[in-house]
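Okay, structure-v1.cif is below, mmCIF, C-alpha atoms:
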data_entry
#
loop_
_atom_site.label_atom_id
_atom_site.label_comp_id
_atom_site.auth_asym_id
_atom_site.auth_seq_id
_atom_site.Cartn_x
_atom_site.Cartn_y
_atom_site.Cartn_z
CA MET A 1 -15.64 -0.89 19.18
CA THR A 2 -12.13 -2.20 18.35
CA TYR A 3 -13.06 -2.65 14.68
CA LEU A 4 -14.62 0.82 14.55
CA LEU A 5 -11.40 2.37 15.87
CA ALA A 6 -9.32 0.21 13.51
CA ALA A 7 -11.27 1.46 10.46
CA TYR A 8 -10.83 5.13 11.39
CA VAL A 9 -7.17 4.64 12.37
CA VAL A 10 -6.49 2.95 9.00
CA LEU A 11 -8.02 5.91 7.16
CA PHE A 12 -5.97 8.50 9.02
CA ALA A 13 -2.78 6.40 8.95
CA ALA A 14 -3.15 6.07 5.16
CA LEU A 15 -3.72 9.80 4.82
CA LEU A 16 -0.67 10.51 6.97
CA ALA A 17 1.46 8.03 4.99
CA TYR A 18 0.34 9.65 1.73
CA LEU A 19 1.23 13.11 3.03
CA VAL A 20 4.69 11.92 4.15
CA ILE A 21 5.34 10.31 0.73
CA HIS A 22 4.14 13.47 -1.01
CA ALA A 23 6.35 15.66 1.19
CA LEU A 24 9.37 13.44 0.36
CA LYS A 25 8.54 13.75 -3.35
CA LEU A 26 8.33 17.55 -3.09
CA ALA A 27 11.68 17.58 -1.29
CA ARG A 28 13.20 15.52 -4.15
CA LEU A 29 11.74 17.91 -6.73
CA ASP A 30 13.14 20.85 -4.81
CA ARG A 31 16.62 19.24 -4.80
CA GLU A 32 16.41 18.53 -8.53
CA LEU A 33 15.30 22.09 -9.22
CA ALA A 34 18.25 23.42 -7.22
CA GLU A 35 20.64 21.17 -9.20
CA LEU A 36 19.21 22.30 -12.53
CA THR A 37 19.35 25.95 -11.49
CA GLU A 38 23.02 25.49 -10.61
CA LEU A 39 23.65 23.75 -13.93
CA ALA A 40 21.92 26.59 -15.84
CA ARG A 41 24.04 29.17 -13.98
CA GLU A 42 27.24 27.28 -14.87
CA ARG A 43 26.20 27.13 -18.52
CA ARG A 44 25.49 30.87 -18.58
CA ALA A 45 28.87 31.62 -16.95
CA GLU A 46 30.60 29.42 -19.54
CA ARG A 47 28.84 31.25 -22.38
CA GLU A 48 29.80 34.66 -20.96
CA GLU A 49 33.45 33.61 -20.50
CA ALA A 50 33.79 32.18 -24.01
CA PRO A 51 35.38 34.60 -26.54
CA VAL A 52 33.01 36.17 -29.01
CA GLY A 53 33.03 34.33 -32.36
CA GLY A 54 35.01 31.39 -31.21
CA MET B 55 -12.45 20.57 7.95
CA LEU B 56 -15.47 18.97 6.27
CA LEU B 57 -14.03 15.50 6.76
CA GLY B 58 -13.04 16.29 10.36
CA GLY B 59 -16.56 17.55 11.02
CA GLY B 60 -18.04 14.48 9.37
CA VAL B 61 -15.90 12.13 11.46
CA ALA B 62 -16.87 14.03 14.63
CA LEU B 63 -20.56 13.75 13.67
CA ALA B 64 -20.15 10.04 12.87
CA LEU B 65 -18.44 9.19 16.14
CA LEU B 66 -20.17 11.57 18.54
CA TRP B 67 -23.55 12.67 17.17
CA ALA B 68 -25.09 10.09 14.82
CA PRO B 69 -27.36 7.61 16.62
CA GLU B 70 -26.16 4.05 17.12
CA ASP B 71 -27.62 1.43 14.82
CA ALA B 72 -29.95 -0.99 16.59
CA ASP B 73 -28.70 -4.06 14.69
CA GLN B 74 -24.97 -3.54 14.26
CA GLY B 75 -24.14 -1.26 17.19
CA ALA B 76 -20.95 0.81 17.10
CA SER B 77 -19.47 -0.99 14.07
CA GLN B 78 -22.19 0.53 11.85
CA ARG B 79 -20.34 3.86 12.21
CA ILE B 80 -17.75 2.45 9.78
CA PHE B 81 -20.47 3.08 7.16
CA TYR B 82 -19.77 6.84 7.39
CA ILE B 83 -16.26 6.41 6.06
CA HIS B 84 -16.48 3.17 4.07
CA VAL B 85 -19.29 4.24 1.71
CA PRO B 86 -17.89 7.77 1.04
CA ILE B 87 -14.45 6.25 0.35
CA ALA B 88 -16.00 3.76 -2.10
CA LEU B 89 -18.04 6.47 -3.86
CA THR B 90 -14.92 8.66 -4.04
CA ALA B 91 -13.00 5.78 -5.64
CA TYR B 92 -15.77 5.45 -8.26
CA ALA B 93 -15.67 9.23 -8.80
CA MET B 94 -11.90 9.23 -9.32
CA PHE B 95 -12.05 6.30 -11.77
CA GLY B 96 -14.89 8.09 -13.59
CA TRP B 97 -12.86 11.32 -13.64
CA GLY B 98 -9.88 9.42 -15.05
CA ALA B 99 -12.10 7.96 -17.80
CA TRP B 100 -13.53 11.42 -18.59
CA LYS B 101 -10.01 12.83 -18.96
CA ALA B 102 -9.10 9.83 -21.12
CA LEU B 103 -12.08 10.60 -23.36
CA ARG B 104 -10.96 14.22 -23.60
CA LEU B 105 -7.47 13.07 -24.57
CA LEU B 106 -8.81 10.86 -27.34
CA GLY B 107 -11.10 13.64 -28.56
CA LYS B 108 -8.83 16.67 -28.32
CA ARG B 109 -5.37 15.06 -28.49
CA GLU B 110 -4.02 17.41 -25.82
CA GLU B 111 -1.11 15.93 -23.91
CA ARG B 112 -2.14 17.35 -20.52
CA TYR B 113 -5.20 15.07 -20.36
CA ASP B 114 -2.93 12.01 -20.25
CA LEU B 115 -1.33 13.14 -17.00
CA GLU B 116 -4.73 14.18 -15.59
CA SER B 117 -6.26 10.79 -16.42
CA TYR B 118 -3.26 8.94 -14.96
CA THR B 119 -3.39 11.02 -11.76
CA ALA B 120 -7.15 10.39 -11.34
CA VAL B 121 -6.67 6.62 -11.77
CA HIS B 122 -3.78 6.79 -9.29
CA MET B 123 -6.03 8.49 -6.71
CA GLY B 124 -8.85 6.04 -7.49
CA VAL B 125 -6.59 3.09 -6.74
CA ILE B 126 -5.55 4.65 -3.41
CA PHE B 127 -9.21 5.12 -2.45
CA GLY B 128 -9.88 1.61 -3.76
CA VAL B 129 -7.34 0.13 -1.33
CA LEU B 130 -8.98 2.09 1.50
CA THR B 131 -12.41 0.82 0.41
CA LEU B 132 -11.25 -2.79 0.52
CA VAL B 133 -9.50 -2.37 3.87
CA SER B 134 -12.34 -0.47 5.60
CA GLY B 135 -14.88 -2.88 4.05
CA SER B 136 -12.95 -5.90 5.32
CA ILE B 137 -12.82 -4.45 8.82
CA TRP B 138 -16.58 -3.78 8.71
CA ALA B 139 -17.21 -7.30 7.37
CA ARG B 140 -15.18 -8.82 10.22
CA ALA B 141 -17.13 -6.78 12.75
CA SER B 142 -20.57 -7.51 11.24
CA TRP B 143 -20.30 -10.93 9.59
CA GLY B 144 -17.35 -12.43 11.46
CA VAL B 145 -15.27 -12.85 8.28
CA TRP B 146 -12.76 -10.55 6.55
CA TRP B 147 -13.97 -11.47 3.06
CA ASP B 148 -16.76 -13.48 1.45
CA TRP B 149 -16.32 -14.65 -2.15
CA ARG B 150 -20.10 -15.28 -2.48
CA ASP B 151 -20.84 -11.57 -2.22
CA ASN B 152 -21.22 -9.99 -5.68
CA GLN B 153 -20.58 -6.44 -4.48
CA LEU B 154 -17.25 -7.34 -2.90
CA VAL B 155 -16.04 -9.41 -5.82
CA LEU B 156 -17.12 -6.81 -8.42
CA PHE B 157 -15.34 -4.04 -6.54
CA LEU B 158 -12.22 -6.22 -6.33
CA ILE B 159 -12.38 -6.81 -10.11
CA LEU B 160 -12.73 -3.05 -10.70
CA PHE B 161 -9.80 -2.38 -8.37
CA LEU B 162 -7.58 -5.03 -10.01
CA PHE B 163 -8.53 -3.76 -13.47
CA TYR B 164 -7.35 -0.26 -12.61
CA SER B 165 -4.29 -1.60 -10.78
CA ALA B 166 -3.31 -3.32 -14.03
CA TYR B 167 -3.50 0.12 -15.72
CA PHE B 168 -0.11 0.93 -14.15
CA MET B 169 1.46 -2.29 -15.44
CA LEU B 170 0.21 -1.48 -18.93
CA ARG B 171 1.33 2.14 -18.74
CA TYR B 172 4.82 1.38 -17.52
CA SER B 173 5.34 -1.44 -20.01
CA LEU B 174 5.12 1.08 -22.87
CA ALA B 175 7.58 3.77 -23.95
CA PRO B 176 6.45 7.32 -23.09
CA GLY B 177 4.76 9.15 -25.94
CA ALA B 178 1.51 9.56 -27.83
CA SER B 179 1.06 5.81 -28.29
CA ARG B 180 1.28 5.12 -24.55
CA ALA B 181 -1.12 7.98 -23.83
CA ASN B 182 -3.69 6.64 -26.32
CA ILE B 183 -3.49 3.01 -25.17
CA SER B 184 -3.73 4.08 -21.49
CA ALA B 185 -6.74 6.27 -22.32
CA VAL B 186 -8.56 3.45 -24.10
CA TYR B 187 -7.86 1.13 -21.14
CA ALA B 188 -9.13 3.72 -18.64
CA LEU B 189 -12.29 4.13 -20.74
CA PHE B 190 -12.94 0.37 -20.81
CA GLY B 191 -12.72 0.26 -17.02
CA VAL B 192 -15.44 2.84 -16.60
CA VAL B 193 -17.97 0.23 -17.78
CA LEU B 194 -17.30 -1.69 -14.56
CA ILE B 195 -18.27 1.29 -12.37
CA PRO B 196 -22.06 1.18 -12.93
CA VAL B 197 -21.95 -2.64 -12.78
CA SER B 198 -20.19 -2.52 -9.42
CA PHE B 199 -22.36 0.34 -8.17
CA LEU B 200 -25.64 -1.26 -9.24
CA ALA B 201 -24.70 -4.75 -8.02
CA ILE B 202 -25.70 -3.73 -4.52
CA ARG B 203 -29.18 -2.79 -5.82
CA LEU B 204 -29.70 -5.61 -8.32
CA ALA B 205 -28.40 -8.69 -6.52
CA GLU B 206 -30.67 -10.20 -3.91
CA SER B 207 -29.03 -12.96 -1.92
CA PHE B 208 -25.82 -11.87 -0.23
CA LEU B 209 -24.51 -10.59 3.04
CA HIS B 210 -23.61 -7.06 1.95
CA PRO B 211 -26.14 -4.53 3.30
CA GLY B 212 -28.53 -3.06 0.73
CA PRO B 213 -28.89 0.63 -0.13
CA VAL B 214 -30.14 2.74 2.76
CA VAL B 215 -29.87 6.16 1.14
CA LEU B 216 -32.33 7.34 -1.54
CA THR B 217 -34.18 4.04 -1.82
CA ARG B 218 -37.66 3.87 -3.32
CA ASP B 219 -39.11 2.54 -0.09
CA VAL B 220 -39.20 5.53 2.29
CA GLY B 221 -39.30 3.18 5.29
CA GLU B 222 -35.87 1.78 4.40
CA ASN B 223 -34.18 5.19 4.28
CA VAL B 224 -31.86 6.11 7.15
CA PRO B 225 -32.96 8.74 9.72
CA GLY B 226 -32.19 12.42 8.98
CA SER B 227 -29.28 12.63 11.44
CA MET B 228 -27.58 9.61 9.85
CA LEU B 229 -28.20 10.97 6.35
CA LEU B 230 -26.76 14.38 7.29
CA THR B 231 -23.67 12.75 8.82
CA PHE B 232 -23.24 10.61 5.71
CA CYS B 233 -23.58 13.65 3.41
CA VAL B 234 -20.99 15.64 5.41
CA CYS B 235 -18.58 12.68 5.32
CA LEU B 236 -19.14 12.21 1.58
CA ALA B 237 -18.57 15.93 0.89
CA GLY B 238 -15.43 15.82 3.07
CA MET B 239 -14.08 12.74 1.31
CA LEU B 240 -14.70 14.24 -2.14
CA ALA B 241 -13.04 17.50 -1.06
CA LEU B 242 -10.06 15.53 0.28
CA ALA B 243 -9.80 13.57 -2.97
CA ALA B 244 -10.00 16.79 -5.03
CA ALA B 245 -7.24 18.40 -2.92
CA LEU B 246 -5.01 15.31 -3.15
CA TYR B 247 -5.68 15.07 -6.90
CA ARG B 248 -4.63 18.68 -7.51
CA SER B 249 -1.56 18.32 -5.31
CA GLU B 250 -0.52 15.03 -6.96
CA LEU B 251 -1.12 16.46 -10.44
CA LEU B 252 0.99 19.50 -9.65
CA GLY B 253 3.80 17.24 -8.39
CA LYS B 254 3.66 15.07 -11.51
CA ARG B 255 3.64 18.12 -13.81
CA VAL B 256 6.67 19.64 -12.07
CA ASP B 257 8.42 16.26 -12.25
CA ALA B 258 7.75 15.99 -16.01
CA ARG B 259 8.94 19.54 -16.67
CA LEU B 260 12.10 19.04 -14.61
CA ARG B 261 12.85 15.91 -16.65
CA GLU B 262 12.44 17.90 -19.88
CA LEU B 263 14.65 20.66 -18.50
CA ARG B 264 17.33 18.15 -17.51
CA GLU B 265 17.30 16.69 -21.02
CA ALA B 266 17.52 20.18 -22.55
CA LEU B 267 20.48 21.13 -20.36
CA ALA B 268 22.34 17.82 -20.81
#

Structure rendered as structure tokens:
Amino acid sequence: MTYLLAAYVVLFAALLAYLVIHALKLARLDRELAELTELARERRAEREEAPVGG
Amino acid sequence: MLLGGGVALALLWAPEDADQGASQRIFYIHVPIALTAYAMFGWGAWKALRLLGKREERYDLESYTAVHMGVIFGVLTLVSGSIWARASWGVWWDWRDNQLVLFLILFLFYSAYFMLRYSLAPGASRANISAVYALFGVVLIPVSFLAIRLAESFLHPGPVVLTRDVGENVPGSMLLTFCVCLAGMLALAAALYRSELLGKRVDARLRELREALA
């Protein structure tokens, strides 16, 4: 009975660990996307502020 | 839901095996996990073949993701199999068993895929070499799968589903439970594959965007 429980617990623990890792990865991607969006906004503001033709 | 239902059937409804007792219920997760690992390695090889045939970059990421998922299910196969072996045979591993050793070889072969992939610079060359490697590995799948049917003297239990001898087939309730668990495991693998692929695609596009904005 102990081994039966161990096998099922391992499966669900692995699934849970995978989901946690995946959630952390999505959070990192979200942060990177926010950084890049900010960078793109800064670039656009710089272009708009720059005098035409120079 | 399918997997949850399968686990509930396996633990609460399926009859107990006369020989192995409660530990036989590990069968309902161990075999579906192993078949799912084969399916993911096979899927990775199929995508590799598509890459080599069509030269479309997206197949490289799809093949890589499938192999990645296959390795995860491979680890789970080895762990759940070891637990079942300890419960049934009294040992965690037996090197005399062809099925175990062949699965370990398959697993190590695909684990080495990552070492190969990350030792090469990203680009078409890496994609092609990785695809050829993934295709070579697929040869091991039928060998590993058929070992259980071809070999005769080992500890690993023989096939109990869809055998030629009707008397050796499992009862209907056990077969139904097994099928629900297998469907659940395949559905779980498909969902994880799609989610992982999406994550990897977004990651790759963000990297490109960062380079473009730098």

Q: Compute the chain B side of the contact with chain A at 8 Å, counting only C-alpha atoms, and hand it back as a PyMOL selection string.
A: chain B and resi 76-77+79-80+83+130+133-134+137-138+140-141+250+253+256-257+260+263-264+267

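Nearest residue to Glu111 in chain B among B:Ser179, B:Ser227, B:Gln78, B:Ser198 is B:Ser179, counting only C-alpha atoms.
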
Might you spell out which residues the PyMOL selection byres ((chain B and resi 119) around 9) would select in the displayed file, as a compact mmCIF listing (two decimals) with C-alpha atoms, in the coordinates of the input?
# COMPACT_ATOMS: atom_id res chain seq x y z
CA GLY B 98 -9.88 9.42 -15.05
CA ASP B 114 -2.93 12.01 -20.25
CA LEU B 115 -1.33 13.14 -17.00
CA GLU B 116 -4.73 14.18 -15.59
CA SER B 117 -6.26 10.79 -16.42
CA TYR B 118 -3.26 8.94 -14.96
CA ALA B 120 -7.15 10.39 -11.34
CA VAL B 121 -6.67 6.62 -11.77
CA HIS B 122 -3.78 6.79 -9.29
CA MET B 123 -6.03 8.49 -6.71
CA GLY B 124 -8.85 6.04 -7.49
CA TYR B 247 -5.68 15.07 -6.90
CA ARG B 248 -4.63 18.68 -7.51
CA GLU B 250 -0.52 15.03 -6.96
CA LEU B 251 -1.12 16.46 -10.44
CA LYS B 254 3.66 15.07 -11.51

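Atom pair CA of Gly75 in chain B / CA of Leu57 in chain B: separated by 22.2 Å.
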
Q. So how far away is CA of Ala185 in chain B from CA of Leu105 in chain B, in Å?
A. 7.2 Å

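Using all atoms listed in the file, the shortest contact distance between Phe127 in chain B and any of B:Phe199, B:Phe81, B:Tyr172, B:Tyr92 is found at B:Tyr92.
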
(Q) Would you compute the distance between CA of Gly144 in chain B and CA of Pro86 in chain B? Give it in Å to one decimal. (A) 22.7 Å

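Among B:Ala62, B:Ala88, B:Leu230, B:Ala243, the residue with the shortest atom-to-atom distance to Phe161 in chain B, counting all atoms listed in the file, is B:Ala88.
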
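Among the candidates B:Val85, B:Leu156, B:Ala64, B:Ala258, the residue lying nearest to Gly135 in chain B is B:Val85 (atoms considered: only C-alpha atoms).
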
Reconstruct range 113-139 of chain B at the level of N, CA and C atoms, and format the result as a JSON list (two decimals), in the coordinates of the input.
[["chain", "number", "residue", "atom", "x", "y", "z"],
["B", 113, "TYR", "N", -4.14, 15.98, -20.83],
["B", 113, "TYR", "CA", -5.20, 15.07, -20.36],
["B", 113, "TYR", "C", -4.65, 13.70, -19.97],
["B", 114, "ASP", "N", -3.52, 13.31, -20.60],
["B", 114, "ASP", "CA", -2.93, 12.01, -20.25],
["B", 114, "ASP", "C", -2.50, 12.00, -18.79],
["B", 115, "LEU", "N", -1.80, 13.06, -18.38],
["B", 115, "LEU", "CA", -1.33, 13.14, -17.00],
["B", 115, "LEU", "C", -2.52, 13.27, -16.04],
["B", 116, "GLU", "N", -3.54, 14.00, -16.45],
["B", 116, "GLU", "CA", -4.73, 14.18, -15.59],
["B", 116, "GLU", "C", -5.47, 12.85, -15.40],
["B", 117, "SER", "N", -5.59, 12.09, -16.50],
["B", 117, "SER", "CA", -6.26, 10.79, -16.42],
["B", 117, "SER", "C", -5.46, 9.83, -15.54],
["B", 118, "TYR", "N", -4.15, 9.81, -15.75],
["B", 118, "TYR", "CA", -3.26, 8.94, -14.96],
["B", 118, "TYR", "C", -3.35, 9.28, -13.47],
["B", 119, "THR", "N", -3.33, 10.59, -13.16],
["B", 119, "THR", "CA", -3.39, 11.02, -11.76],
["B", 119, "THR", "C", -4.74, 10.61, -11.12],
["B", 120, "ALA", "N", -5.83, 10.76, -11.88],
["B", 120, "ALA", "CA", -7.15, 10.39, -11.34],
["B", 120, "ALA", "C", -7.21, 8.89, -11.07],
["B", 121, "VAL", "N", -6.67, 8.08, -11.99],
["B", 121, "VAL", "CA", -6.67, 6.62, -11.77],
["B", 121, "VAL", "C", -5.80, 6.28, -10.55],
["B", 122, "HIS", "N", -4.68, 6.97, -10.44],
["B", 122, "HIS", "CA", -3.78, 6.79, -9.29],
["B", 122, "HIS", "C", -4.54, 7.04, -7.97],
["B", 123, "MET", "N", -5.26, 8.16, -7.92],
["B", 123, "MET", "CA", -6.03, 8.49, -6.71],
["B", 123, "MET", "C", -7.15, 7.47, -6.50],
["B", 124, "GLY", "N", -7.77, 7.04, -7.60],
["B", 124, "GLY", "CA", -8.85, 6.04, -7.49],
["B", 124, "GLY", "C", -8.35, 4.74, -6.89],
["B", 125, "VAL", "N", -7.15, 4.33, -7.28],
["B", 125, "VAL", "CA", -6.59, 3.09, -6.74],
["B", 125, "VAL", "C", -6.30, 3.24, -5.24],
["B", 126, "ILE", "N", -5.81, 4.41, -4.84],
["B", 126, "ILE", "CA", -5.55, 4.65, -3.41],
["B", 126, "ILE", "C", -6.86, 4.55, -2.63],
["B", 127, "PHE", "N", -7.91, 5.20, -3.13],
["B", 127, "PHE", "CA", -9.21, 5.12, -2.45],
["B", 127, "PHE", "C", -9.80, 3.71, -2.55],
["B", 128, "GLY", "N", -9.44, 3.00, -3.63],
["B", 128, "GLY", "CA", -9.88, 1.61, -3.76],
["B", 128, "GLY", "C", -9.29, 0.72, -2.68],
["B", 129, "VAL", "N", -7.99, 0.91, -2.40],
["B", 129, "VAL", "CA", -7.34, 0.13, -1.33],
["B", 129, "VAL", "C", -8.04, 0.42, -0.01],
["B", 130, "LEU", "N", -8.31, 1.71, 0.24],
["B", 130, "LEU", "CA", -8.98, 2.09, 1.50],
["B", 130, "LEU", "C", -10.39, 1.51, 1.58],
["B", 131, "THR", "N", -11.07, 1.42, 0.43],
["B", 131, "THR", "CA", -12.41, 0.82, 0.41],
["B", 131, "THR", "C", -12.34, -0.65, 0.82],
["B", 132, "LEU", "N", -11.38, -1.36, 0.22],
["B", 132, "LEU", "CA", -11.25, -2.79, 0.52],
["B", 132, "LEU", "C", -10.87, -3.02, 1.98],
["B", 133, "VAL", "N", -9.95, -2.19, 2.48],
["B", 133, "VAL", "CA", -9.50, -2.37, 3.87],
["B", 133, "VAL", "C", -10.63, -2.03, 4.86],
["B", 134, "SER", "N", -11.27, -0.85, 4.66],
["B", 134, "SER", "CA", -12.34, -0.47, 5.60],
["B", 134, "SER", "C", -13.53, -1.43, 5.47],
["B", 135, "GLY", "N", -13.79, -1.92, 4.25],
["B", 135, "GLY", "CA", -14.88, -2.88, 4.05],
["B", 135, "GLY", "C", -14.59, -4.20, 4.75],
["B", 136, "SER", "N", -13.33, -4.64, 4.67],
["B", 136, "SER", "CA", -12.95, -5.90, 5.32],
["B", 136, "SER", "C", -13.10, -5.79, 6.84],
["B", 137, "ILE", "N", -12.71, -4.64, 7.36],
["B", 137, "ILE", "CA", -12.82, -4.45, 8.82],
["B", 137, "ILE", "C", -14.30, -4.47, 9.23],
["B", 138, "TRP", "N", -15.13, -3.81, 8.42],
["B", 138, "TRP", "CA", -16.58, -3.78, 8.71],
["B", 138, "TRP", "C", -17.17, -5.19, 8.59],
["B", 139, "ALA", "N", -16.71, -5.94, 7.57],
["B", 139, "ALA", "CA", -17.21, -7.30, 7.37],
["B", 139, "ALA", "C", -16.84, -8.18, 8.57]]
